[in-house]
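> Next comes protein-v4.cif, mmCIF, C-alpha atoms:
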data_structure
loop_
_atom_site.label_atom_id
_atom_site.label_comp_id
_atom_site.auth_asym_id
_atom_site.auth_seq_id
_atom_site.Cartn_x
_atom_site.Cartn_y
_atom_site.Cartn_z
CA MET I 477 -10.76 6.10 -6.69
CA LYS I 478 -12.61 9.41 -6.80
CA ILE I 479 -10.73 12.69 -6.95
CA ASN I 480 -12.27 15.92 -5.69
CA GLN I 481 -10.31 18.96 -6.89
CA ARG I 482 -10.43 22.45 -5.40
CA GLU I 483 -8.07 25.33 -4.63
CA LEU I 484 -6.95 27.07 -1.45
CA TYR I 485 -4.52 30.03 -1.31
CA GLY I 486 -3.52 29.24 -4.91
CA ALA I 487 -2.66 25.62 -4.17
CA VAL I 488 -4.57 22.79 -5.80
CA ILE I 489 -6.06 20.28 -3.39
CA LEU I 490 -6.64 16.77 -4.68
CA GLU I 491 -8.86 14.98 -2.21
CA LEU I 492 -8.67 11.27 -2.93
CA ASN I 493 -11.47 8.92 -1.92
CA GLY I 494 -10.94 5.16 -2.05
CA LYS I 495 -7.90 2.92 -2.26
CA LEU I 496 -4.73 3.94 -4.04
CA THR I 497 -3.63 0.66 -5.59
CA GLY I 498 -2.58 1.18 -9.20
CA GLY I 499 -4.14 -0.23 -12.34
CA PRO I 500 -6.01 2.30 -14.52
CA GLU I 501 -5.60 4.91 -11.75
CA ALA I 502 -1.96 5.40 -12.71
CA GLU I 503 -2.91 6.78 -16.13
CA THR I 504 -5.65 8.97 -14.62
CA PHE I 505 -3.15 10.54 -12.24
CA ARG I 506 -0.49 10.96 -14.92
CA ASN I 507 -2.96 12.90 -17.08
CA LEU I 508 -4.20 14.91 -14.12
CA PHE I 509 -0.71 16.07 -13.13
CA LYS I 510 0.16 16.85 -16.74
CA ASN I 511 -2.99 18.98 -17.11
CA LEU I 512 -2.30 20.82 -13.86
CA MET I 513 1.25 21.63 -14.97
CA ASP I 514 -0.02 22.77 -18.38
CA GLU I 515 -2.41 25.14 -16.57
CA GLY I 516 0.49 26.49 -14.51
CA LYS I 517 -0.85 25.00 -11.29
CA LYS I 518 2.31 23.86 -9.59
CA ASN I 519 1.48 23.69 -5.90
CA ILE I 520 -0.31 20.43 -5.21
CA ILE I 521 -1.75 19.13 -1.95
CA VAL I 522 -2.86 15.49 -1.92
CA ASN I 523 -5.43 15.00 0.83
CA LEU I 524 -5.40 11.36 1.96
CA LYS I 525 -8.09 11.67 4.64
CA LYS I 526 -10.43 9.33 2.75
CA VAL I 527 -7.77 6.85 1.68
CA ASP I 528 -7.61 3.97 4.13
CA TRP I 529 -4.51 2.30 2.76
CA ILE I 530 -2.09 2.19 -0.11
CA ASN I 531 0.13 -0.45 -1.73
CA SER I 532 3.54 -0.10 -3.39
CA THR I 533 1.92 0.55 -6.77
CA GLY I 534 -0.06 3.38 -5.21
CA LEU I 535 3.15 4.76 -3.74
CA GLY I 536 4.57 4.69 -7.27
CA ILE I 537 1.66 6.82 -8.47
CA LEU I 538 2.36 9.43 -5.79
CA ILE I 539 6.09 9.40 -6.60
CA ALA I 540 5.38 9.82 -10.32
CA GLY I 541 3.20 12.83 -9.49
CA TYR I 542 5.85 14.25 -7.18
CA THR I 543 8.55 13.87 -9.84
CA HIS I 544 6.36 15.43 -12.53
CA VAL I 545 5.44 18.42 -10.37
CA ARG I 546 9.01 18.99 -9.16
CA LYS I 547 10.33 18.91 -12.72
CA GLY I 548 7.74 21.58 -13.55
CA GLY I 549 9.10 23.79 -10.79
CA GLY I 550 6.36 23.04 -8.26
CA ASP I 551 5.90 20.87 -5.21
CA LEU I 552 3.57 18.11 -4.08
CA VAL I 553 2.80 17.63 -0.40
CA LEU I 554 0.45 15.37 1.54
CA CYS I 555 -2.09 16.09 4.24
CA ASN I 556 -4.36 14.08 6.56
CA VAL I 557 -2.19 10.98 6.33
CA GLY I 558 -3.80 8.19 8.34
CA ASP I 559 -1.94 5.69 10.52
CA ARG I 560 -1.91 2.89 7.97
CA ILE I 561 -0.42 5.01 5.21
CA ASP I 562 1.93 6.71 7.66
CA SER I 563 3.38 3.29 8.61
CA ILE I 564 4.01 2.44 4.96
CA LEU I 565 5.62 5.81 4.27
CA TYR I 566 7.84 5.25 7.31
CA VAL I 567 9.07 1.72 6.44
CA THR I 568 9.75 2.75 2.83
CA LYS I 569 11.44 5.97 4.04
CA LEU I 570 9.14 7.96 1.77
CA ASN I 571 8.31 10.08 4.80
CA LEU I 572 11.66 11.70 3.99
CA LEU I 573 10.50 12.52 0.45
CA PHE I 574 6.95 13.71 1.04
CA GLN I 575 6.24 16.61 3.33
CA ALA I 576 3.06 15.86 5.25
CA PHE I 577 0.73 18.31 7.02
CA GLU I 578 -2.08 17.64 9.43
CA SER I 579 -4.66 19.63 7.45
CA GLU I 580 -5.34 21.22 4.05
CA GLU I 581 -5.06 24.65 5.65
CA LYS I 582 -1.60 24.01 7.07
CA ALA I 583 -0.40 22.59 3.78
CA ALA I 584 -1.79 25.59 1.88
CA GLU I 585 -0.19 27.97 4.37
CA HIS I 586 3.14 26.25 3.67
CA PHE I 587 2.82 27.19 -0.01
CA LYS I 588 1.61 30.69 0.88
CA GLN I 589 4.65 31.27 3.10
CA SER I 590 7.01 29.81 0.50
CA ALA I 591 5.70 32.31 -2.07
CA SER I 592 6.10 35.35 0.21
CA MET X 649 -5.86 -16.44 26.29
CA ALA X 650 -6.96 -19.51 24.36
CA ASP X 651 -5.20 -20.38 21.13
CA ARG X 652 -7.38 -19.93 18.08
CA ARG X 653 -7.29 -22.13 15.01
CA GLU X 654 -9.26 -20.60 12.18
CA ARG X 655 -8.89 -20.70 8.43
CA MET X 656 -10.06 -18.40 5.66
CA GLU X 657 -9.78 -18.87 1.92
CA LEU X 658 -10.79 -16.50 -0.81
CA VAL X 659 -10.22 -16.28 -4.54
CA ILE X 660 -10.05 -12.91 -6.27
CA PRO X 661 -9.71 -11.89 -9.93
CA SER X 662 -6.40 -10.41 -11.09
CA ASP X 663 -7.62 -6.89 -10.53
CA PHE X 664 -6.37 -4.36 -7.96
CA ARG X 665 -9.98 -3.38 -7.22
CA TYR X 666 -10.44 -6.60 -5.25
CA LEU X 667 -7.62 -5.89 -2.78
CA GLY X 668 -10.15 -4.21 -0.50
CA ALA X 669 -11.93 -7.55 -0.10
CA VAL X 670 -8.65 -9.13 1.06
CA ASP X 671 -8.13 -6.36 3.59
CA ALA X 672 -11.67 -6.66 4.96
CA ALA X 673 -11.45 -10.44 5.28
CA VAL X 674 -8.07 -10.52 6.99
CA GLN X 675 -9.05 -7.70 9.33
CA ASP X 676 -12.00 -9.78 10.53
CA LEU X 677 -9.99 -12.97 10.90
CA ALA X 678 -6.97 -11.37 12.55
CA ARG X 679 -9.20 -9.86 15.25
CA GLU X 680 -9.66 -13.42 16.48
CA LEU X 681 -6.07 -13.21 17.73
CA SER X 682 -6.98 -10.19 19.88
CA CYS X 683 -3.88 -8.42 18.66
CA ALA X 684 -3.55 -4.64 18.54
CA GLN X 685 -5.19 -2.90 15.59
CA ARG X 686 -1.80 -1.67 14.45
CA TRP X 687 -0.50 -5.26 14.33
CA ILE X 688 -3.52 -6.29 12.23
CA ASN X 689 -3.05 -3.31 9.90
CA ASP X 690 0.62 -4.14 9.42
CA PHE X 691 -0.13 -7.75 8.56
CA SER X 692 -2.89 -6.67 6.19
CA ALA X 693 -0.52 -4.22 4.47
CA ALA X 694 1.92 -7.09 3.86
CA LEU X 695 -0.85 -9.35 2.56
CA ILE X 696 -2.20 -6.63 0.25
CA GLU X 697 1.33 -6.27 -1.09
CA ALA X 698 1.63 -10.03 -1.62
CA CYS X 699 -1.68 -10.06 -3.51
CA SER X 700 -0.62 -7.02 -5.56
CA ASN X 701 2.53 -8.92 -6.57
CA ALA X 702 0.52 -12.01 -7.49
CA ILE X 703 -1.85 -9.92 -9.62
CA GLU X 704 0.81 -7.87 -11.37
CA HIS X 705 3.98 -9.98 -11.51
CA GLY X 706 2.46 -13.46 -11.18
CA ASN X 707 -0.70 -13.30 -13.24
CA LYS X 708 0.45 -10.30 -15.33
CA LEU X 709 -2.99 -8.68 -14.79
CA SER X 710 -4.57 -11.45 -16.87
CA THR X 711 -8.35 -11.38 -16.35
CA ASP X 712 -8.67 -15.13 -16.87
CA LYS X 713 -6.36 -15.86 -13.95
CA THR X 714 -7.17 -15.66 -10.25
CA VAL X 715 -5.29 -15.23 -6.97
CA ARG X 716 -6.07 -17.65 -4.13
CA VAL X 717 -5.46 -16.42 -0.61
CA VAL X 718 -5.40 -18.82 2.34
CA VAL X 719 -5.01 -17.38 5.83
CA LYS X 720 -4.68 -19.53 8.94
CA LEU X 721 -4.53 -18.67 12.59
CA ASN X 722 -2.16 -21.05 14.31
CA GLY X 723 -2.05 -20.33 18.01
CA ARG X 724 -0.59 -16.85 18.36
CA GLN X 725 0.64 -16.83 14.79
CA ILE X 726 -0.97 -15.90 11.49
CA VAL X 727 0.13 -17.50 8.24
CA ALA X 728 -0.99 -16.39 4.79
CA ARG X 729 -0.32 -18.12 1.50
CA VAL X 730 -0.95 -16.29 -1.74
CA HIS X 731 -1.12 -18.47 -4.85
CA ASP X 732 -0.96 -17.06 -8.36
CA GLN X 733 -1.50 -18.84 -11.69
CA GLY X 734 1.37 -17.27 -13.57
CA ALA X 735 4.41 -18.72 -15.29
CA GLY X 736 6.65 -17.66 -12.42
CA PHE X 737 9.32 -15.02 -12.15
CA GLU X 738 12.79 -14.75 -10.64
CA TYR X 739 11.58 -14.82 -7.06
CA LYS X 740 14.96 -15.88 -5.63
CA LYS X 741 16.55 -12.78 -7.09
CA TYR X 742 13.56 -10.75 -5.90
CA LEU X 743 13.88 -12.08 -2.34
CA SER X 744 17.66 -11.68 -2.18
CA ASP X 745 17.56 -8.06 -3.24
CA THR X 746 17.92 -6.02 -0.06
CA THR X 747 19.01 -2.80 -1.75
CA PRO X 748 16.59 0.00 -0.91
CA PRO X 749 15.12 1.55 -4.07
CA ASP X 750 16.09 5.03 -5.13
CA PRO X 751 13.67 7.42 -3.34
CA LEU X 752 12.31 8.58 -6.71
CA SER X 753 11.92 5.08 -8.13
CA GLU X 754 8.26 4.30 -8.75
CA ARG X 755 8.76 0.58 -8.13
CA GLY X 756 10.69 -1.92 -6.02
CA ARG X 757 9.13 -1.52 -2.55
CA GLY X 758 6.90 -4.61 -2.42
CA ILE X 759 9.32 -6.98 -0.73
CA LEU X 760 10.46 -4.17 1.57
CA ILE X 761 6.89 -3.64 2.82
CA MET X 762 6.25 -7.37 3.28
CA ARG X 763 9.49 -7.86 5.20
CA ALA X 764 8.93 -4.82 7.39
CA PHE X 765 5.48 -5.96 8.49
CA THR X 766 5.97 -9.72 8.94
CA ASP X 767 8.44 -12.13 10.54
CA GLN X 768 9.00 -14.30 7.49
CA VAL X 769 8.51 -14.01 3.72
CA SER X 770 9.13 -16.98 1.44
CA TYR X 771 8.24 -18.21 -2.04
CA SER X 772 7.71 -21.72 -3.33
CA VAL X 773 6.58 -23.21 -6.62
CA ASP X 774 3.09 -24.72 -6.55
CA PRO X 775 2.96 -28.32 -7.83
CA GLY X 776 0.22 -27.36 -10.27
CA GLY X 777 2.14 -24.31 -11.55
CA GLY X 778 2.28 -20.76 -10.33
CA LEU X 779 4.01 -19.40 -7.28
CA CYS X 780 3.02 -19.40 -3.63
CA LEU X 781 4.15 -16.56 -1.41
CA GLU X 782 3.98 -17.24 2.31
CA LEU X 783 3.85 -14.62 5.05
CA VAL X 784 4.20 -15.47 8.74
CA LYS X 785 3.67 -13.09 11.64
CA GLY X 786 3.49 -13.82 15.34
CA CYS X 787 1.46 -11.79 17.81
CA ASP X 788 3.54 -11.16 20.91
CA ALA X 789 2.10 -10.47 24.32
CA ASP X 790 3.03 -6.81 24.09
CA GLU X 791 1.05 -6.49 20.87
CA THR X 792 -2.30 -7.63 22.23
CA SER X 793 -5.32 -5.39 21.98
CA SER X 794 -5.22 -4.58 25.70
CA GLN X 795 -2.01 -2.69 24.95
CA ASP X 796 -3.58 -0.83 22.04
CA GLU X 797 -4.11 2.77 23.00
CA ASN X 798 -6.38 3.38 20.03
#
What does the file become when written as structure tokens?


Amino acid sequence: MKINQRELYGAVILELNGKLTGGPEAETFRNLFKNLMDEGKKNIIVNLKKVDWINSTGLGILIAGYTHVRKGGGDLVLCNVGDRIDSILYVTKLNLLFQAFESEEKAAEHFKQSAS
Amino acid sequence: MADRRERMELVIPSDFRYLGAVDAAVQDLARELSCAQRWINDFSAALIEACSNAIEHGNKLSTDKTVRVVVKLNGRQIVARVHDQGAGFEYKKYLSDTTPPDPLSERGRGILIMRAFTDQVSYSVDPGGGLCLELVKGCDADETSSQDEN
């Protein structure tokens, strides 16, 4: 799993590339979210455009990130969710937990509007 | 449409990195059924989950253990068996638990995903040790690729 990090309208975009399946990735993500919170970066957009699929362990990684960010007073949203991941979010009802946007721009605008 | 009878077997290490190989293999085989891509994706999601369970809960991520995956096409039905080499776990309790996990729980969605995407999920104990998880999914006429808008 590769993670490309950038910012848009003050929100941090984490563009994931690969499969989100757990293992050592869980620790990588835990550290990443901790560092972002320590830096005061609380608005997180996870771009799943280059993630073909996810398993329940990968869902756990996203939930851990969501919980960490929310406890820090921020929010974590998703964008570019493909059909395969969308189906899994739907059957696990996690579509009710994660806000999902069709693009990075729309997700960033969400944070921009929330701040104004 | 003619019934297809094909069989695929692969053995992967107890490492999540190899789940992609399972997905690729089952995608190829399932296309033989001429089912809609969404149907294939759903079955693959269930199989990936079964293999994830075998790696984590069955083999406890042990690098000297493997997961054997056998997938058969049987007419308009696909059957997958996932064999681990672990000491077993309380699969009856696992299967009987139908309580949805707390939305913020990081675990407990494996069986939910497998059940949602297949017709039947069952466990058995392998004679040589380890557990075998079986997934069964039928491809109905309204799920064939001719109906797939994608």

> Excluding Leu512 in chain I and its own-chain neighbours fewer than 3 positions away, which residues fall within 12 Å of it when counting all atoms listed in the file? Please give them as a PDB file with C-alpha atoms, in the frame of the given file.


ATOM      1  CA  GLN I 481     -10.310  18.960  -6.890  1.00  0.00           C
ATOM      2  CA  ARG I 482     -10.430  22.450  -5.400  1.00  0.00           C
ATOM      3  CA  GLU I 483      -8.070  25.330  -4.630  1.00  0.00           C
ATOM      4  CA  ALA I 487      -2.660  25.620  -4.170  1.00  0.00           C
ATOM      5  CA  VAL I 488      -4.570  22.790  -5.800  1.00  0.00           C
ATOM      6  CA  ILE I 489      -6.060  20.280  -3.390  1.00  0.00           C
ATOM      7  CA  LEU I 490      -6.640  16.770  -4.680  1.00  0.00           C
ATOM      8  CA  PHE I 505      -3.150  10.540 -12.240  1.00  0.00           C
ATOM      9  CA  ARG I 506      -0.490  10.960 -14.920  1.00  0.00           C
ATOM     10  CA  ASN I 507      -2.960  12.900 -17.080  1.00  0.00           C
ATOM     11  CA  LEU I 508      -4.200  14.910 -14.120  1.00  0.00           C
ATOM     12  CA  PHE I 509      -0.710  16.070 -13.130  1.00  0.00           C
ATOM     13  CA  GLU I 515      -2.410  25.140 -16.570  1.00  0.00           C
ATOM     14  CA  GLY I 516       0.490  26.490 -14.510  1.00  0.00           C
ATOM     15  CA  LYS I 517      -0.850  25.000 -11.290  1.00  0.00           C
ATOM     16  CA  LYS I 518       2.310  23.860  -9.590  1.00  0.00           C
ATOM     17  CA  ASN I 519       1.480  23.690  -5.900  1.00  0.00           C
ATOM     18  CA  ILE I 520      -0.310  20.430  -5.210  1.00  0.00           C
ATOM     19  CA  GLY I 541       3.200  12.830  -9.490  1.00  0.00           C
ATOM     20  CA  HIS I 544       6.360  15.430 -12.530  1.00  0.00           C
ATOM     21  CA  VAL I 545       5.440  18.420 -10.370  1.00  0.00           C
ATOM     22  CA  GLY I 548       7.740  21.580 -13.550  1.00  0.00           C
ATOM     23  CA  GLY I 550       6.360  23.040  -8.260  1.00  0.00           C
ATOM     24  CA  ASP I 551       5.900  20.870  -5.210  1.00  0.00           C
ATOM     25  CA  LEU I 552       3.570  18.110  -4.080  1.00  0.00           C
TER      26      LEU I 552
END

> Could you give me, as a list of chain:residue names, the residues within 9 Å of Leu573 in chain I, counting all atoms listed in the file and dropping anything in the same chain fewer than 2 positions from it?

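After dropping sequence-adjacent residues, the list is I:Ile539, I:Lys569, I:Leu570, I:Asn571, I:Gln575, X:Pro751, X:Leu752.
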
> Suppose a student applies the PyMOL selection byres ((chain I) within 6 of (chain X)) to this structure; what residues should they get, written as a list in words?

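Going through the file, the PyMOL selection byres ((chain I) within 6 of (chain X)) ends up selecting Asn531, Ser532, Gly536 and Ile539 of chain I.
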
> Determine, counting only C-alpha atoms, which protein, DNA and RNA residues have an atom within 6 Å of an atom of Lys785 in chain X; residues of the same chain fewer than 6 positions away are not included. Present the result as a VMD selection string.

chain X and resid 725 to 726 766 to 767

> Please provide as number ranges by chain all residues within 8 Å of Trp529 in chain I, with the sequence filter that same-chain residues fewer than 3 positions apart are discarded (counting all atoms listed in the file).

I: 495-496, 560-561; X: 693

> Given the choices X:Thr714, X:Leu658, X:Gln685, X:Tyr739, which gets closest to Leu781 in chain X if the distance is worked out from all atoms listed in the file?

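Counting all atoms listed in the file, the residue closest to Leu781 in chain X is X:Tyr739.
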
> Given the file shown, enumerate the residues that the PyMOL selection byres ((chain X and resi 769) around 6) captures and present them as a ChimeraX atom specification.

/X:768,770,782-783

> Can you write just those residues out, C-alpha atoms, as a short mmCIF file (atom, residue, chain, number, x, y, z; two decimals), in the coordinates of the input?


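Saved result, selection15.cif, follows:
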data_model
loop_
_atom_site.label_atom_id
_atom_site.label_comp_id
_atom_site.auth_asym_id
_atom_site.auth_seq_id
_atom_site.Cartn_x
_atom_site.Cartn_y
_atom_site.Cartn_z
CA GLN X 768 9.00 -14.30 7.49
CA SER X 770 9.13 -16.98 1.44
CA GLU X 782 3.98 -17.24 2.31
CA LEU X 783 3.85 -14.62 5.05
#

> Just the number, please: distance in Å from CA of Asn480 in chain I to CA of Val527 in chain I, one decimal.

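Atom-to-atom, CA of Asn480 in chain I and CA of Val527 in chain I are spaced 12.5 Å apart.
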
> Name the residues in contact with Thr504 in chain I at a cut-off of 12 Å, using all atoms listed in the file, excluding same-chain residues fewer than 5 positions from it; report them as a list in words.

Met477, Lys478, Ile479, Leu496, Gly498, Gly499, Phe509, Lys510, Asn511, Ile537, Leu538, Ala540 and Gly541 of chain I

> Could you tell me, as number ranges by chain, exactly which residues end up selected when the PyMOL selection byres ((chain X and resi 654) around 10) is applied to this structure?

X: 651-653, 655-656, 677-678, 680-681, 719-723, 726

> Using CA of Glu578 in chain I and CA of Asn556 in chain I as the two end points, give the distance in Å to one decimal.

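Separation of CA of Glu578 in chain I and CA of Asn556 in chain I: 5.1 Å.
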
> Mind giving me the straight-line distance from CA of Ile660 in chain X to CA of Trp687 in chain X in Å, one decimal?

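Taking CA of Ile660 in chain X as the start and CA of Trp687 in chain X as the end point, the length is 24.0 Å.
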
> Out of I:Ile564, I:Met513, I:Lys525, I:Glu580, which residue has the shortest atom-to-atom distance to Arg546 in chain I when counting only C-alpha atoms?

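Ranking I:Ile564, I:Met513, I:Lys525, I:Glu580 by distance to Arg546 in chain I, first place goes to I:Met513.
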
> Could you give me, as a VMD selection string, the residues that have an atom at most 8 Å away from the point (-4.9, 29.1, -0.2) in the coordinates of the file, using only C-alpha atoms?

chain I and resid 483 to 487 581 584 to 585 587 to 588

> Which is closer to Ile521 in chain I than all the others in I:Ser590, I:Thr497, I:Ser563, I:Ser579, using only C-alpha atoms?

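Answer, going by the shortest atom-to-atom distance: I:Ser579.
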